[in-house]
Amino acid sequence: MFYLLLAFVLFLQSSVLVGIFGSYLFVPDLLLALLFLSSVRGSTSYPRGFIGGFLLDVLLDTLGWHASGKLLALFVLSFIKRKFFIETLPSLMVAYFILALLEHSYRLLLFRSKFYYPLEPIPLLIGFLVELAVVYYFGKKLLKNET
């Protein structure tokens, strides 16, 4: 089931949302949200992160930037899970906010160091808020199903 959902998210993120947001730098990272929500309760699945990031790199031709960013995010998530309890919706949102901010910053630094691309804060903020809204909605359902 995870891999079917992964295929849908990859299609949505690599083709549909890139057309809407204009650049994949500003697209909401639904793959990161999926990996976060699937790994927040159980064990951190590095192979899923690598496979998802690698397939997104192949679809977007981004030379491993997504795969390395997803592995970095999963490593930080495993650290966060060891040090903090993610039991409530606010703690879930704070953990995801930190994780997403780190991964987006990493990706932006890698891209902007290779290519000069203008940083447009409005599309970046809109994409980030859409991503947070997706995690809020599905995180609420995840926490509700477990209680």
# chains A, B, ... in the order shown; residues from 1 in each chain; ligands from 1
>>> residues_around(residues="region 41-58 of chain A", least_positions_apart="5", cutoff="10 Å", atoms="only C-alpha atoms", output="ChimeraX atom specification")
/A:2-3,6-7,9-11,13-14,31-32,34-36,63-75,77-78,81,86-87,142-143,146
>>> write_last_selection(atoms="N, CA and C atoms", output="compact mmCIF listing (two decimals), in the first residue's frame")
# COMPACT_ATOMS: atom_id res chain seq x y z
N PHE A 2 1.98 1.20 0.76
CA PHE A 2 2.87 2.37 0.82
C PHE A 2 3.40 2.72 -0.56
N TYR A 3 3.78 1.71 -1.35
CA TYR A 3 4.40 1.97 -2.64
C TYR A 3 3.39 2.47 -3.67
N LEU A 6 3.12 6.01 -2.69
CA LEU A 6 4.37 6.64 -3.11
C LEU A 6 4.33 6.99 -4.59
N ALA A 7 3.85 6.07 -5.42
CA ALA A 7 3.76 6.33 -6.86
C ALA A 7 2.82 7.50 -7.15
N VAL A 9 2.06 10.01 -5.06
CA VAL A 9 2.70 11.23 -4.56
C VAL A 9 3.81 11.68 -5.51
N LEU A 10 4.60 10.73 -6.01
CA LEU A 10 5.67 11.08 -6.94
C LEU A 10 5.13 11.67 -8.23
N PHE A 11 4.05 11.08 -8.76
CA PHE A 11 3.42 11.63 -9.96
C PHE A 11 2.90 13.03 -9.69
N GLN A 13 3.79 15.19 -7.34
CA GLN A 13 4.84 16.15 -7.03
C GLN A 13 5.72 16.45 -8.24
N SER A 14 5.95 15.46 -9.10
CA SER A 14 6.89 15.69 -10.20
C SER A 14 6.25 16.29 -11.44
N LEU A 31 6.37 14.06 -0.61
CA LEU A 31 7.14 12.86 -0.31
C LEU A 31 7.71 12.91 1.10
N LEU A 32 8.21 14.07 1.48
CA LEU A 32 8.73 14.22 2.84
C LEU A 32 7.60 14.06 3.86
N LEU A 34 4.88 12.26 3.47
CA LEU A 34 4.53 10.84 3.50
C LEU A 34 5.56 10.05 4.31
N LEU A 35 6.83 10.31 4.09
CA LEU A 35 7.87 9.59 4.83
C LEU A 35 7.81 9.92 6.32
N PHE A 36 7.54 11.17 6.64
CA PHE A 36 7.45 11.58 8.03
C PHE A 36 6.29 10.88 8.73
N LEU A 63 19.85 14.96 -9.91
CA LEU A 63 21.20 14.51 -9.53
C LEU A 63 21.36 14.11 -8.07
N GLY A 64 20.37 13.51 -7.47
CA GLY A 64 20.50 13.00 -6.11
C GLY A 64 20.18 13.99 -5.01
N TRP A 65 19.71 15.17 -5.35
CA TRP A 65 19.43 16.17 -4.33
C TRP A 65 18.26 15.74 -3.45
N HIS A 66 17.25 15.15 -4.04
CA HIS A 66 16.09 14.72 -3.25
C HIS A 66 16.43 13.51 -2.40
N ALA A 67 17.15 12.55 -2.95
CA ALA A 67 17.49 11.35 -2.19
C ALA A 67 18.34 11.69 -0.98
N SER A 68 19.34 12.55 -1.16
CA SER A 68 20.19 12.92 -0.03
C SER A 68 19.42 13.74 0.99
N GLY A 69 18.51 14.59 0.52
CA GLY A 69 17.69 15.38 1.45
C GLY A 69 16.74 14.52 2.25
N LYS A 70 16.15 13.51 1.61
CA LYS A 70 15.22 12.63 2.34
C LYS A 70 15.97 11.78 3.36
N LEU A 71 17.16 11.30 3.01
CA LEU A 71 17.94 10.52 3.97
C LEU A 71 18.39 11.38 5.14
N LEU A 72 18.77 12.62 4.87
CA LEU A 72 19.12 13.55 5.95
C LEU A 72 17.91 13.79 6.86
N ALA A 73 16.74 13.99 6.26
CA ALA A 73 15.53 14.23 7.05
C ALA A 73 15.17 13.02 7.90
N LEU A 74 15.31 11.82 7.36
CA LEU A 74 15.00 10.62 8.14
C LEU A 74 16.01 10.41 9.27
N PHE A 75 17.27 10.76 9.03
CA PHE A 75 18.27 10.68 10.08
C PHE A 75 17.93 11.64 11.22
N LEU A 77 14.95 12.81 11.87
CA LEU A 77 13.72 12.30 12.50
C LEU A 77 14.03 11.20 13.50
N SER A 78 14.95 10.30 13.18
CA SER A 78 15.29 9.25 14.14
C SER A 78 15.93 9.84 15.39
N LYS A 81 13.03 11.43 17.38
CA LYS A 81 12.21 10.41 18.04
C LYS A 81 12.90 9.83 19.27
N ILE A 86 6.64 12.28 20.49
CA ILE A 86 5.73 12.90 19.53
C ILE A 86 4.37 12.23 19.73
N GLU A 87 3.65 12.74 20.72
CA GLU A 87 2.37 12.13 21.11
C GLU A 87 1.17 13.01 20.80
N LEU A 142 -3.93 10.38 11.90
CA LEU A 142 -3.01 9.36 12.41
C LEU A 142 -3.06 9.28 13.93
N LEU A 143 -3.03 10.43 14.58
CA LEU A 143 -3.07 10.43 16.05
C LEU A 143 -4.44 10.01 16.58
N GLU A 146 -4.82 6.17 16.55
CA GLU A 146 -4.01 5.45 17.52
C GLU A 146 -4.52 5.55 18.94
>>> residues_around(residues="Ala33 (chain A)", least_positions_apart="4", cutoff="10 Å", atoms="only C-alpha atoms", output="JSON list (two decimals) with N, CA and C atoms, in the first residue's frame")
[["chain", "number", "residue", "atom", "x", "y", "z"],
["A", 9, "VAL", "N", 2.06, 10.01, -5.06],
["A", 9, "VAL", "CA", 2.70, 11.23, -4.56],
["A", 9, "VAL", "C", 3.81, 11.68, -5.51],
["A", 28, "PRO", "N", 5.29, 21.93, -2.75],
["A", 28, "PRO", "CA", 5.18, 21.28, -1.43],
["A", 28, "PRO", "C", 5.75, 19.87, -1.50],
["A", 29, "ASP", "N", 6.58, 19.53, -0.54],
["A", 29, "ASP", "CA", 7.27, 18.25, -0.55],
["A", 29, "ASP", "C", 6.38, 17.18, 0.07],
["A", 37, "LEU", "N", 5.12, 10.92, 8.11],
["A", 37, "LEU", "CA", 3.94, 10.33, 8.74],
["A", 37, "LEU", "C", 4.03, 8.80, 8.82],
["A", 38, "SER", "N", 4.72, 8.18, 7.87],
["A", 38, "SER", "CA", 4.86, 6.73, 7.95],
["A", 38, "SER", "C", 5.94, 6.29, 8.93],
["A", 39, "SER", "N", 6.87, 7.19, 9.25],
["A", 39, "SER", "CA", 7.98, 6.83, 10.14],
["A", 39, "SER", "C", 7.86, 7.41, 11.54],
["A", 96, "TYR", "N", 7.74, 18.22, 12.58],
["A", 96, "TYR", "CA", 7.73, 18.29, 11.12],
["A", 96, "TYR", "C", 8.23, 19.64, 10.63],
["A", 99, "LEU", "N", 11.97, 19.55, 10.79],
["A", 99, "LEU", "CA", 12.47, 18.62, 9.78],
["A", 99, "LEU", "C", 12.33, 19.19, 8.37],
["A", 100, "ALA", "N", 11.18, 19.74, 8.06],
["A", 100, "ALA", "CA", 10.94, 20.29, 6.72],
["A", 100, "ALA", "C", 11.80, 21.53, 6.48],
["A", 131, "GLU", "N", 2.21, 22.27, 2.48],
["A", 131, "GLU", "CA", 2.83, 21.06, 3.04],
["A", 131, "GLU", "C", 2.49, 20.89, 4.52],
["A", 132, "LEU", "N", 2.54, 21.98, 5.28],
["A", 132, "LEU", "CA", 2.18, 21.92, 6.70],
["A", 132, "LEU", "C", 0.71, 21.58, 6.88],
["A", 134, "VAL", "N", -1.11, 19.73, 4.87],
["A", 134, "VAL", "CA", -1.26, 18.30, 4.57],
["A", 134, "VAL", "C", -0.83, 17.46, 5.78],
["A", 135, "VAL", "N", 0.29, 17.82, 6.39],
["A", 135, "VAL", "CA", 0.77, 17.08, 7.57],
["A", 135, "VAL", "C", -0.20, 17.27, 8.73],
["A", 136, "TYR", "N", -0.76, 18.46, 8.89],
["A", 136, "TYR", "CA", -1.72, 18.70, 9.96],
["A", 136, "TYR", "C", -2.96, 17.81, 9.78],
["A", 138, "PHE", "N", -3.45, 14.98, 7.88],
["A", 138, "PHE", "CA", -3.21, 13.54, 7.99],
["A", 138, "PHE", "C", -2.59, 13.16, 9.34],
["A", 139, "GLY", "N", -1.86, 14.06, 9.96],
["A", 139, "GLY", "CA", -1.33, 13.81, 11.29],
["A", 139, "GLY", "C", -2.42, 13.74, 12.33]]
>>> closest_residue(among="A:Val40, A:Met1, A:Ile20, A:Leu109", to="Ser91 (chain A)", atoms="only C-alpha atoms")
A:Val40
>>> atom_distance(atom1="CA of Tyr24 (chain A)", atom2="CA of Lys141 (chain A)")
27.8 Å
>>> atom_distance(atom1="CA of Phe79 (chain A)", atom2="CA of Leu102 (chain A)")
13.5 Å
>>> residues_around(residues="Ile98 (chain A)", least_positions_apart="3", cutoff="10 Å", atoms="only C-alpha atoms", output="mmCIF file with N, CA and C atoms, in the first residue's frame")
data_model
loop_
_atom_site.group_PDB
_atom_site.id
_atom_site.type_symbol
_atom_site.label_atom_id
_atom_site.label_comp_id
_atom_site.auth_asym_id
_atom_site.auth_seq_id
_atom_site.Cartn_x
_atom_site.Cartn_y
_atom_site.Cartn_z
ATOM 1 N N ALA A 73 16.742 13.991 6.262
ATOM 2 C CA ALA A 73 15.533 14.234 7.051
ATOM 3 C C ALA A 73 15.172 13.023 7.904
ATOM 4 N N VAL A 76 17.558 12.860 10.878
ATOM 5 C CA VAL A 76 17.172 13.847 11.898
ATOM 6 C C VAL A 76 15.892 13.399 12.607
ATOM 7 N N LEU A 77 14.952 12.806 11.874
ATOM 8 C CA LEU A 77 13.723 12.299 12.497
ATOM 9 C C LEU A 77 14.033 11.197 13.502
ATOM 10 N N ILE A 80 15.246 12.927 16.556
ATOM 11 C CA ILE A 80 14.143 13.597 17.257
ATOM 12 C C ILE A 80 13.295 12.579 18.011
ATOM 13 N N MET A 93 3.549 18.668 14.806
ATOM 14 C CA MET A 93 3.736 19.801 13.888
ATOM 15 C C MET A 93 5.092 20.480 14.096
ATOM 16 N N VAL A 94 5.516 20.618 15.340
ATOM 17 C CA VAL A 94 6.821 21.242 15.609
ATOM 18 C C VAL A 94 7.944 20.361 15.059
ATOM 19 N N ALA A 95 7.835 19.049 15.268
ATOM 20 C CA ALA A 95 8.857 18.133 14.743
ATOM 21 C C ALA A 95 8.905 18.194 13.222
ATOM 22 N N LEU A 101 11.955 22.367 7.485
ATOM 23 C CA LEU A 101 12.790 23.551 7.323
ATOM 24 C C LEU A 101 14.233 23.158 7.033
ATOM 25 N N LEU A 102 14.733 22.153 7.725
ATOM 26 C CA LEU A 102 16.089 21.669 7.490
ATOM 27 C C LEU A 102 16.226 21.083 6.083
ATOM 28 N N GLU A 103 15.278 20.256 5.677
ATOM 29 C CA GLU A 103 15.370 19.607 4.366
ATOM 30 C C GLU A 103 15.209 20.612 3.227
#
>>> atom_distance(atom1="CA of Arg107 (chain A)", atom2="CA of Leu5 (chain A)")
23.2 Å
>>> closest_residue(among="A:Arg112, A:Leu89, A:Pro123, A:Lys83", to="Gly22 (chain A)", atoms="only C-alpha atoms")
A:Pro123
>>> closest_residue(among="A:Leu92, A:Phe84, A:Leu25, A:His104", to="Tyr137 (chain A)", atoms="only C-alpha atoms")
A:Leu92
>>> select_by_dssp(residues="chain A", states="helix (DSSP H, G or I)", output="PyMOL selection string")
chain A and resi 2-21+30-39+46-60+65-83+89-114+121-146
>>> closest_residue(among="A:Thr62, A:Phe21, A:Phe26, A:Leu4", to="Phe111 (chain A)", atoms="only C-alpha atoms")
A:Thr62
